[in-house]
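Text of data-v5.csv (CSV, C-alpha atoms) as supplied:
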```csv
chain,number,residue,atom,x,y,z
I,1,MET,CA,112.9,86.3,106.5
I,2,GLU,CA,109.6,88.1,106.4
I,3,ASN,CA,106.6,88.1,108.6
I,4,SER,CA,103.6,90.3,109.6
I,5,VAL,CA,101.6,90.4,112.8
I,6,LYS,CA,98.4,92.1,114.0
I,7,TYR,CA,98.5,93.4,117.5
I,8,LYS,CA,95.6,95.1,119.3
I,9,VAL,CA,97.2,97.9,121.4
I,10,PRO,CA,95.7,97.6,125.0
I,11,GLY,CA,93.2,100.4,125.3
I,12,GLY,CA,94.2,101.6,121.8
I,13,LYS,CA,94.0,100.7,118.1
I,14,LEU,CA,95.1,97.9,115.8
I,15,LEU,CA,98.8,97.8,114.9
I,16,ILE,CA,100.0,95.7,112.0
I,17,VAL,CA,103.8,95.2,111.6
I,18,LYS,CA,105.3,93.9,108.4
I,19,ALA,CA,109.0,93.3,108.5
I,20,ALA,CA,111.9,91.6,106.7
I,21,TRP,CA,115.1,90.8,108.4
I,22,ASN,CA,118.3,88.8,108.5
I,23,ASP,CA,120.4,89.4,111.6
I,24,ARG,CA,119.1,93.0,111.4
I,25,ILE,CA,115.7,94.4,110.4
I,26,THR,CA,116.0,95.3,106.7
I,27,LYS,CA,112.4,96.5,106.0
I,28,LEU,CA,109.6,97.5,108.4
I,29,GLU,CA,106.2,99.0,108.0
I,30,LEU,CA,103.8,100.1,110.7
I,31,LEU,CA,100.2,100.0,109.7
I,32,GLY,CA,96.9,100.5,111.4
I,33,ASP,CA,94.0,102.7,112.5
I,34,PHE,CA,96.1,104.6,115.1
I,35,PHE,CA,97.0,108.3,115.0
I,36,VAL,CA,100.4,109.9,115.0
I,37,HIS,CA,100.9,113.7,115.3
I,38,PRO,CA,102.7,114.9,113.2
I,39,GLU,CA,101.8,112.1,110.7
I,40,GLU,CA,105.2,112.2,109.0
I,41,ALA,CA,106.9,111.1,112.3
I,42,LEU,CA,105.8,107.5,111.6
I,43,ASN,CA,108.3,107.3,108.8
I,44,GLY,CA,110.9,108.4,111.3
I,45,ILE,CA,109.9,105.6,113.7
I,46,GLU,CA,110.0,103.0,110.9
I,47,GLY,CA,113.4,104.4,109.8
I,48,LEU,CA,114.7,104.2,113.4
I,49,LEU,CA,113.9,100.5,113.6
I,50,VAL,CA,115.4,99.5,110.2
I,51,GLY,CA,119.0,98.3,110.8
I,52,VAL,CA,118.3,97.3,114.4
I,53,LYS,CA,119.6,93.9,115.4
I,54,VAL,CA,116.8,91.4,115.7
I,55,ASN,CA,118.0,90.3,119.1
I,56,VAL,CA,117.3,93.7,120.7
I,57,ASP,CA,114.7,93.0,123.4
I,58,GLU,CA,111.4,94.7,123.9
I,59,ALA,CA,112.6,97.1,126.5
I,60,GLY,CA,115.5,98.1,124.3
I,61,LEU,CA,113.2,98.8,121.3
I,62,SER,CA,110.7,100.6,123.5
I,63,GLY,CA,113.4,102.8,124.9
I,64,MET,CA,114.6,103.8,121.4
I,65,ILE,CA,111.1,104.6,120.2
I,66,GLN,CA,110.3,106.5,123.4
I,67,GLN,CA,113.4,108.6,123.0
I,68,PHE,CA,112.5,109.4,119.4
I,69,VAL,CA,109.0,110.4,120.4
I,70,GLU,CA,110.2,112.7,123.1
I,71,GLN,CA,113.0,114.3,121.0
I,72,ASN,CA,110.7,115.0,118.1
I,73,ASN,CA,107.6,116.1,120.1
I,74,VAL,CA,105.6,113.2,118.6
I,75,THR,CA,102.1,112.4,120.0
I,76,LEU,CA,100.9,108.8,119.6
I,77,VAL,CA,97.2,108.2,120.0
I,78,GLY,CA,95.9,104.7,120.3
I,79,LEU,CA,99.5,103.5,120.0
I,80,THR,CA,102.5,103.4,122.4
I,81,PRO,CA,106.2,102.8,122.1
I,82,GLU,CA,105.7,99.7,124.2
I,83,ALA,CA,103.1,98.3,121.8
I,84,ILE,CA,105.3,99.0,118.8
I,85,ALA,CA,108.2,97.2,120.6
I,86,ARG,CA,106.1,94.3,121.5
I,87,ALA,CA,104.7,93.8,118.0
I,88,VAL,CA,108.1,94.1,116.4
I,89,ARG,CA,109.4,91.4,118.8
I,90,MET,CA,106.4,89.3,117.8
I,91,VAL,CA,107.1,89.7,114.1
I,92,VAL,CA,110.8,88.8,114.2
I,93,LYS,CA,110.1,85.8,116.5
I,94,GLY,CA,108.1,84.4,113.5
V,1,MET,CA,86.2,134.9,115.8
V,2,ARG,CA,83.9,134.5,112.9
V,3,TRP,CA,83.3,131.1,111.4
V,4,ARG,CA,82.4,130.3,107.8
V,5,PHE,CA,79.8,127.5,107.3
V,6,ILE,CA,79.6,125.6,104.1
V,7,GLU,CA,76.2,124.1,103.6
V,8,LEU,CA,75.6,120.5,102.9
V,9,GLU,CA,77.3,119.8,99.5
V,10,THR,CA,77.8,116.6,97.5
V,11,ARG,CA,81.3,116.0,96.2
V,12,ASP,CA,83.5,113.2,95.1
V,13,ALA,CA,86.0,111.6,97.4
V,14,CYS,CA,89.1,113.4,96.0
V,15,PHE,CA,87.5,116.8,96.2
V,16,ASN,CA,86.2,116.1,99.7
V,17,MET,CA,89.7,115.4,101.0
V,18,ALA,CA,91.4,118.0,98.8
V,19,ILE,CA,89.2,120.9,99.9
V,20,ASP,CA,89.8,120.0,103.6
V,21,GLN,CA,93.6,120.4,103.0
V,22,ALA,CA,93.2,123.5,100.8
V,23,VAL,CA,91.1,125.2,103.5
V,24,MET,CA,93.6,124.1,106.2
V,25,GLU,CA,96.4,125.7,104.2
V,26,GLY,CA,94.3,128.8,103.7
V,27,VAL,CA,93.6,129.1,107.5
V,28,ALA,CA,97.4,128.6,108.1
V,29,ASN,CA,98.4,131.4,105.9
V,30,GLY,CA,95.6,133.7,107.0
V,31,LEU,CA,93.7,133.7,103.7
V,32,SER,CA,90.8,131.4,104.8
V,33,GLU,CA,88.3,131.8,107.6
V,34,PRO,CA,87.9,129.1,110.2
V,35,THR,CA,85.5,126.8,108.5
V,36,ILE,CA,82.8,124.1,109.2
V,37,ARG,CA,81.6,122.2,106.2
V,38,PHE,CA,79.0,119.5,105.8
V,39,TYR,CA,79.1,117.1,102.9
V,40,ARG,CA,78.1,113.8,101.2
V,41,TRP,CA,80.1,111.6,98.9
V,42,LEU,CA,79.1,110.9,95.3
V,43,PRO,CA,80.0,108.4,94.1
V,44,SER,CA,79.9,106.6,97.4
V,45,ALA,CA,83.4,106.0,98.6
V,46,VAL,CA,85.7,104.1,101.0
V,47,SER,CA,88.2,106.3,102.8
V,48,ILE,CA,91.1,104.7,104.7
V,49,GLY,CA,93.2,106.1,107.5
V,50,ARG,CA,96.6,107.7,106.8
V,51,PHE,CA,98.5,104.7,108.0
V,52,GLN,CA,96.4,101.9,106.5
V,53,SER,CA,97.2,99.8,103.5
V,54,MET,CA,94.8,100.3,100.7
V,55,LYS,CA,95.4,96.9,99.3
V,56,ASP,CA,94.9,95.2,102.7
V,57,GLU,CA,91.8,97.2,103.6
V,58,VAL,CA,89.8,97.7,100.4
V,59,ASP,CA,88.5,95.3,97.7
V,60,ILE,CA,89.5,97.5,94.8
V,61,SER,CA,87.9,95.3,92.1
V,62,ARG,CA,84.6,95.3,94.1
V,63,CYS,CA,84.8,99.1,94.4
V,64,ASN,CA,85.3,99.3,90.6
V,65,GLU,CA,82.4,96.9,90.0
V,66,LEU,CA,80.0,99.0,92.1
V,67,GLY,CA,81.4,102.4,91.1
V,68,VAL,CA,82.6,103.1,94.6
V,69,SER,CA,85.6,105.4,94.9
V,70,TYR,CA,88.5,105.0,97.3
V,71,VAL,CA,90.8,107.5,98.9
V,72,ARG,CA,93.5,107.8,101.6
V,73,ARG,CA,92.7,110.5,104.2
V,74,ILE,CA,95.2,112.9,105.6
V,75,THR,CA,94.1,111.8,109.1
V,76,GLY,CA,94.6,108.5,110.9
V,77,GLY,CA,91.9,106.2,112.0
V,78,GLY,CA,90.2,103.3,110.2
V,79,ALA,CA,88.6,102.5,106.9
V,80,VAL,CA,85.1,104.0,106.4
V,81,TYR,CA,82.4,103.3,103.8
V,82,HIS,CA,80.8,106.6,103.0
V,83,ASP,CA,77.4,105.7,101.5
V,84,TYR,CA,75.8,108.6,99.6
V,85,GLU,CA,72.5,108.0,101.4
V,86,GLY,CA,74.0,106.6,104.6
V,87,GLU,CA,75.7,109.4,106.4
V,88,VAL,CA,76.4,113.1,106.9
V,89,THR,CA,80.1,114.1,107.1
V,90,TYR,CA,81.5,117.2,108.6
V,91,SER,CA,84.9,118.9,108.7
V,92,VAL,CA,86.0,121.5,111.3
V,93,ILE,CA,89.1,123.5,110.3
V,94,ALA,CA,90.4,126.3,112.5
V,95,PRO,CA,93.5,127.5,114.3
V,96,GLU,CA,94.6,125.1,117.1
V,97,GLY,CA,94.1,127.9,119.6
V,98,CYS,CA,90.3,127.6,119.1
V,99,PHE,CA,90.3,124.2,120.8
V,100,PRO,CA,91.6,122.6,123.9
V,101,LYS,CA,95.3,121.8,123.6
V,102,GLY,CA,95.1,118.1,124.4
V,103,ILE,CA,94.1,115.8,121.5
V,104,ARG,CA,91.6,113.8,123.5
V,105,GLU,CA,90.1,117.0,125.0
V,106,SER,CA,89.8,118.6,121.5
V,107,TYR,CA,88.0,115.5,120.2
V,108,ALA,CA,85.6,115.7,123.2
V,109,PHE,CA,85.1,119.4,122.5
V,110,ILE,CA,84.1,119.0,118.8
V,111,CYS,CA,82.3,115.7,119.3
V,112,SER,CA,80.1,117.5,121.9
V,113,TRP,CA,78.6,119.4,118.9
V,114,VAL,CA,77.6,116.1,117.3
V,115,VAL,CA,76.3,114.8,120.6
V,116,SER,CA,74.2,117.9,121.0
V,117,GLY,CA,72.8,117.6,117.4
V,118,LEU,CA,71.8,114.0,118.1
V,119,SER,CA,70.3,114.9,121.4
V,120,ASN,CA,68.1,117.5,119.6
V,121,ILE,CA,66.5,114.7,117.6
V,122,GLY,CA,66.0,112.6,120.6
V,123,ILE,CA,69.1,110.4,120.4
V,124,LYS,CA,71.0,110.1,123.6
V,125,ALA,CA,74.6,109.8,122.6
V,126,GLU,CA,78.0,110.3,124.3
V,127,PHE,CA,81.6,110.8,123.3
V,128,VAL,CA,83.8,107.8,124.0
V,129,PRO,CA,87.6,108.3,123.7
V,130,ILE,CA,89.6,108.0,121.5
V,131,ASN,CA,87.4,109.2,118.7
V,132,ASP,CA,83.9,107.6,118.7
V,133,ILE,CA,80.4,108.7,119.6
V,134,ILE,CA,78.1,106.0,120.8
V,135,ALA,CA,74.3,105.8,121.2
V,136,ASP,CA,72.6,102.8,122.8
V,137,LYS,CA,76.1,101.5,123.5
V,138,LYS,CA,76.8,101.3,119.8
V,139,LYS,CA,79.0,103.5,117.5
V,140,ILE,CA,77.0,106.1,115.6
V,141,SER,CA,79.8,108.5,114.7
V,142,GLY,CA,83.5,108.1,113.9
V,143,ASN,CA,85.9,111.1,113.9
V,144,ALA,CA,89.5,111.7,113.0
V,145,GLN,CA,91.9,114.6,113.6
V,146,THR,CA,95.1,116.1,112.4
V,147,ARG,CA,97.1,119.2,113.3
V,148,ARG,CA,99.5,120.9,111.0
V,149,LEU,CA,100.8,124.4,110.4
V,150,GLY,CA,99.0,125.5,113.6
V,151,VAL,CA,95.7,124.4,112.2
V,152,LEU,CA,93.4,121.7,113.5
V,153,LEU,CA,91.3,119.6,111.1
V,154,GLN,CA,88.7,117.2,112.5
V,155,HIS,CA,86.4,115.4,110.2
V,156,GLY,CA,83.8,112.8,111.1
V,157,THR,CA,80.7,111.0,109.9
V,158,VAL,CA,77.3,110.6,111.5
V,159,LEU,CA,75.8,107.4,110.4
V,160,TYR,CA,72.3,107.8,109.0
V,161,ASN,CA,71.6,104.4,107.4
V,162,LEU,CA,73.6,101.2,107.6
V,163,GLU,CA,74.2,98.9,104.6
V,164,THR,CA,76.3,96.2,106.4
V,165,ALA,CA,76.4,93.7,103.6
V,166,LYS,CA,77.6,96.3,101.0
V,167,MET,CA,80.2,97.6,103.5
V,168,PHE,CA,81.5,94.1,104.0
V,169,SER,CA,81.8,93.5,100.3
V,170,LEU,CA,83.9,96.6,99.9
V,171,LEU,CA,86.2,96.3,102.9
V,172,LYS,CA,88.6,93.5,102.7
V,173,ILE,CA,87.8,91.0,105.3
V,174,SER,CA,88.8,87.3,104.8
V,175,LYS,CA,86.0,85.3,103.3
V,176,GLU,CA,85.8,83.0,106.3
V,177,LYS,CA,85.1,86.0,108.5
V,178,ILE,CA,82.1,87.2,106.4
V,179,SER,CA,79.6,85.0,108.2
V,180,ASP,CA,76.1,85.9,109.3
V,181,LYS,CA,77.6,85.8,112.8
V,182,LEU,CA,80.1,88.6,112.1
V,183,ILE,CA,77.6,90.7,110.3
V,184,LYS,CA,75.2,90.4,113.2
V,185,SER,CA,78.1,91.3,115.5
V,186,VAL,CA,78.8,94.5,113.6
V,187,GLU,CA,75.1,95.3,113.6
V,188,GLU,CA,75.2,94.9,117.3
V,189,ARG,CA,78.2,97.3,117.6
V,190,VAL,CA,77.2,99.9,115.1
V,191,THR,CA,74.0,101.9,114.8
V,192,CYS,CA,72.6,104.7,112.8
V,193,VAL,CA,70.1,107.6,113.1
V,194,SER,CA,67.4,106.1,111.1
V,195,ARG,CA,66.9,103.3,113.7
V,196,TYR,CA,65.8,105.9,116.2
V,197,SER,CA,64.3,108.7,114.3
V,198,ASN,CA,62.1,109.4,111.2
V,199,ILE,CA,64.2,112.4,110.4
V,200,THR,CA,65.5,112.7,106.8
V,201,GLN,CA,69.2,112.8,105.9
V,202,GLU,CA,68.7,116.5,105.1
V,203,GLY,CA,66.9,117.0,108.4
V,204,LEU,CA,69.9,115.4,110.2
V,205,TYR,CA,72.2,117.8,108.5
V,206,LYS,CA,70.1,120.8,109.5
V,207,GLU,CA,70.1,119.6,113.2
V,208,LEU,CA,73.9,119.2,113.0
V,209,MET,CA,74.3,122.6,111.4
V,210,GLY,CA,72.2,124.1,114.2
V,211,SER,CA,74.2,122.4,117.0
V,212,PHE,CA,77.6,123.2,115.4
V,213,ALA,CA,76.6,126.9,114.9
V,214,ASP,CA,75.2,127.2,118.5
V,215,GLY,CA,76.9,130.1,120.3
V,216,LYS,CA,79.2,130.9,117.4
V,217,ASP,CA,79.5,134.1,115.3
V,218,TYR,CA,79.2,132.7,111.8
V,219,HIS,CA,78.1,133.3,108.3
V,220,VAL,CA,77.2,130.9,105.5
V,221,GLY,CA,79.7,131.2,102.7
V,222,SER,CA,81.4,129.5,99.8
V,223,TYR,CA,85.0,128.5,98.9
V,224,THR,CA,87.3,131.2,97.6
V,225,GLU,CA,88.8,131.0,94.2
V,226,THR,CA,92.2,130.3,95.7
V,227,GLU,CA,90.7,127.4,97.8
V,228,SER,CA,88.9,125.9,94.8
V,229,LYS,CA,91.9,126.1,92.6
V,230,ARG,CA,94.2,124.6,95.2
V,231,ALA,CA,91.6,121.8,95.9
V,232,GLY,CA,91.5,121.0,92.2
V,233,GLU,CA,95.3,120.7,92.2
V,234,LEU,CA,95.3,118.5,95.3
V,235,ALA,CA,92.5,116.3,94.0
V,236,ARG,CA,94.4,115.7,90.7
V,237,THR,CA,97.9,115.4,92.0
V,238,VAL,CA,97.5,113.8,95.5
V,239,TYR,CA,94.1,112.4,96.4
V,240,GLY,CA,93.4,111.1,92.9
V,241,SER,CA,96.9,109.5,92.5
V,242,ASP,CA,98.0,106.0,93.1
V,243,GLY,CA,101.2,107.4,94.6
V,244,TRP,CA,99.2,108.7,97.6
V,245,ASN,CA,96.3,106.2,97.7
V,246,PHE,CA,98.6,103.2,97.5
V,247,SER,CA,101.5,104.7,99.5
V,248,ARG,CA,101.0,102.0,102.1
```
Whole structure given in structure tokens:
Amino acid sequence: MENSVKYKVPGGKLLIVKAAWNDRITKLELLGDFFVHPEEALNGIEGLLVGVKVNVDEAGLSGMIQQFVEQNNVTLVGLTPEAIARAVRMVVKG
Amino acid sequence: MRWRFIELETRDACFNMAIDQAVMEGVANGLSEPTIRFYRWLPSAVSIGRFQSMKDEVDISRCNELGVSYVRRITGGGAVYHDYEGEVTYSVIAPEGCFPKGIRESYAFICSWVVSGLSNIGIKAEFVPINDIIADKKKISGNAQTRRLGVLLQHGTVLYNLETAKMFSLLKISKEKISDKLIKSVEERVTCVSRYSNITQEGLYKELMGSFADGKDYHVGSYTETESKRAGELARTVYGSDGWNFSR
């Protein structure tokens, strides 16, 4: 299955998630007018979410992203781990 | 610390983005001076943020029809239409240590130079996080920042004139959304210098030059041969390539 959603991050920027999945996420793209420092880290966040089971809840996804952000000294501006998690859940719910 | 100022220049989209990166690399390896440059875009161009989709954001065939270029920036943020007669763009490139450490604080620091320039021509403006400057409660300047190799790059535009209808024809917005109502709504949210001042575009640049230079040790210079050569390479192999521009 495939889907995309637009999600306005509260107090932040616009996040667009495009994903394909079966029982796991097989493809995922995070798009929008947010900022990520360093920029290359966004590929890492996308890679982290590919392969994740689609039934992982918002808190689980958010925790994974938060851990990645902390371990890799990533700064998100206009975007949060919670917002990514919420938008990913929205996209796989169809 | 001594700054190098590059006076208002007119360049194409690829060069404008390539020279920012070339100078950034030069500052990182100690071969380039901290630099502030002012520029215009010819042909007029659409730039998109690092994480946007070119196909989703830009009507490429309309750009081709109108001779408008398109390029992906190294920085995040949104899609911007850079009209040749509609704005003055700046870039600030210097070691991170020259600025407050926090990203929001450093935006505020550099944006205060823009605010000051606008104030000098009688426009009361203020910085609004994350990356905007507003006047009369409407956006008059957008700014974007990246940091790499210990160097901070912030570039931004100060709107001089607005061509809302042309902007809408270039940025991909679903046809049903292009209504008079939406255009009016954008005009209510975005403003430009020419609405408040009779100053010329060149005059606006001079005011910005003055406010950016205020309190700094600086000289007016030009690009080094190394920077120009590297910018040429980057313009050809990165910013002029579909691989980069359509990477998302």
Can you work out which residues from chain I touch chain V at a cut-off of 8 Å (counting all atoms listed in the file) and hand them back as a PyMOL selection string? chain I and resi 12+30-39+77-78
Could you turn the residues from that selection into a file that holds C-alpha atoms, as a compact mmCIF listing (two decimals), in the coordinates of the input?
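Final file, result06.txt:
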```txt
# COMPACT_ATOMS: atom_id res chain seq x y z
CA GLY I 12 94.20 101.60 121.80
CA LEU I 30 103.80 100.10 110.70
CA LEU I 31 100.20 100.00 109.70
CA GLY I 32 96.90 100.50 111.40
CA ASP I 33 94.00 102.70 112.50
CA PHE I 34 96.10 104.60 115.10
CA PHE I 35 97.00 108.30 115.00
CA VAL I 36 100.40 109.90 115.00
CA HIS I 37 100.90 113.70 115.30
CA PRO I 38 102.70 114.90 113.20
CA GLU I 39 101.80 112.10 110.70
CA VAL I 77 97.20 108.20 120.00
CA GLY I 78 95.90 104.70 120.30
```
Have a look at I:Ala83, I:Lys53, I:Leu76, I:Val91 and name the one nearest to Glu29 (chain I); count only C-alpha atoms. I:Val91
Fewer than 6 positions away in the same chain doesn't count, so skip those; otherwise give me all residues within 10 Å of region 230-236 of chain V, counting only C-alpha atoms, as number ranges by chain. V: 12-23, 25-26, 223-224
Selected residue, from I:Ala59, I:Val54, I:Leu49, I:Ile25, that lies nearest to Arg86 (chain I) when counting only C-alpha atoms: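 Comparing I:Ala59, I:Val54, I:Leu49, I:Ile25 against Arg86 (chain I), the winner is I:Ala59.
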Asn64 (chain V) surroundings by only C-alpha atoms, 12 Å radius, close-in-sequence under 3 positions cut, as a count of residues only: 14
Is it possible to get the residues within 9 Å of (117.7, 91.4, 107.5) (coordinates as in the file, counting all atoms listed in the file) written as a PDB file with C-alpha atoms, in the frame of the given file?
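Done, and the output landed in part28.pdb:
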```pdb
ATOM      1  CA  MET I   1     112.900  86.300 106.500  1.00  0.00           C
ATOM      2  CA  GLU I   2     109.600  88.100 106.400  1.00  0.00           C
ATOM      3  CA  ALA I  19     109.000  93.300 108.500  1.00  0.00           C
ATOM      4  CA  ALA I  20     111.900  91.600 106.700  1.00  0.00           C
ATOM      5  CA  TRP I  21     115.100  90.800 108.400  1.00  0.00           C
ATOM      6  CA  ASN I  22     118.300  88.800 108.500  1.00  0.00           C
ATOM      7  CA  ASP I  23     120.400  89.400 111.600  1.00  0.00           C
ATOM      8  CA  ARG I  24     119.100  93.000 111.400  1.00  0.00           C
ATOM      9  CA  ILE I  25     115.700  94.400 110.400  1.00  0.00           C
ATOM     10  CA  THR I  26     116.000  95.300 106.700  1.00  0.00           C
ATOM     11  CA  LYS I  27     112.400  96.500 106.000  1.00  0.00           C
ATOM     12  CA  VAL I  50     115.400  99.500 110.200  1.00  0.00           C
ATOM     13  CA  GLY I  51     119.000  98.300 110.800  1.00  0.00           C
ATOM     14  CA  LYS I  53     119.600  93.900 115.400  1.00  0.00           C
ATOM     15  CA  VAL I  54     116.800  91.400 115.700  1.00  0.00           C
TER      16      VAL I  54
END
```
Option closest in space to Lys93 (chain I), from I:Asn3, I:Asn72, I:Gln67, I:Ser62 [counting only C-alpha atoms]: I:Asn3
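A straight line drawn from CA of Asn120 (chain V) to CA of Pro100 (chain V) is 24.4 Å long.
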Hey, can you check how far CA of Gly86 (chain V) sits from CA of Leu152 (chain V)?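 Pair CA of Gly86 (chain V) / CA of Leu152 (chain V) returns 26.1 Å.
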With only C-alpha atoms as the basis for distance, which of V:Val151, V:Val92, V:Val193, V:Cys63 is at the shortest distance from Ile134 (chain V)? V:Val193
Pairwise distance for CA of Glu207 (chain V) and CA of Val128 (chain V), rounded to one decimal in Å: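 Separating CA of Glu207 (chain V) from CA of Val128 (chain V) is a distance of 21.1 Å.
Of the listed residues I:Asp57, I:Asn73, I:Phe68, I:Lys8, the one whose atoms come nearest to Ala85 (chain I) is I:Asp57, with distances taken using all atoms listed in the file.
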Option closest in space to Ile173 (chain V), from V:Ser47, V:Thr10, V:His82, V:Asp56 [counting only C-alpha atoms]: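 Answer, going by the shortest atom-to-atom distance: V:Asp56.
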Listed atoms of region 231-248 of chain V boxed axis-aligned with 5 Å per side, centre + edges as JSON:
```
{"center_x": 96.5, "center_y": 111.9, "center_z": 96.4, "size_x": 20.0, "size_y": 29.8, "size_z": 21.4}
```
Fewer than 6 positions away in the same chain doesn't count, so skip those; otherwise give me all residues within 10 Å of Asp214 (chain V), counting all atoms listed in the file, as a VMD selection string. chain V and resid 113 116 to 117 208
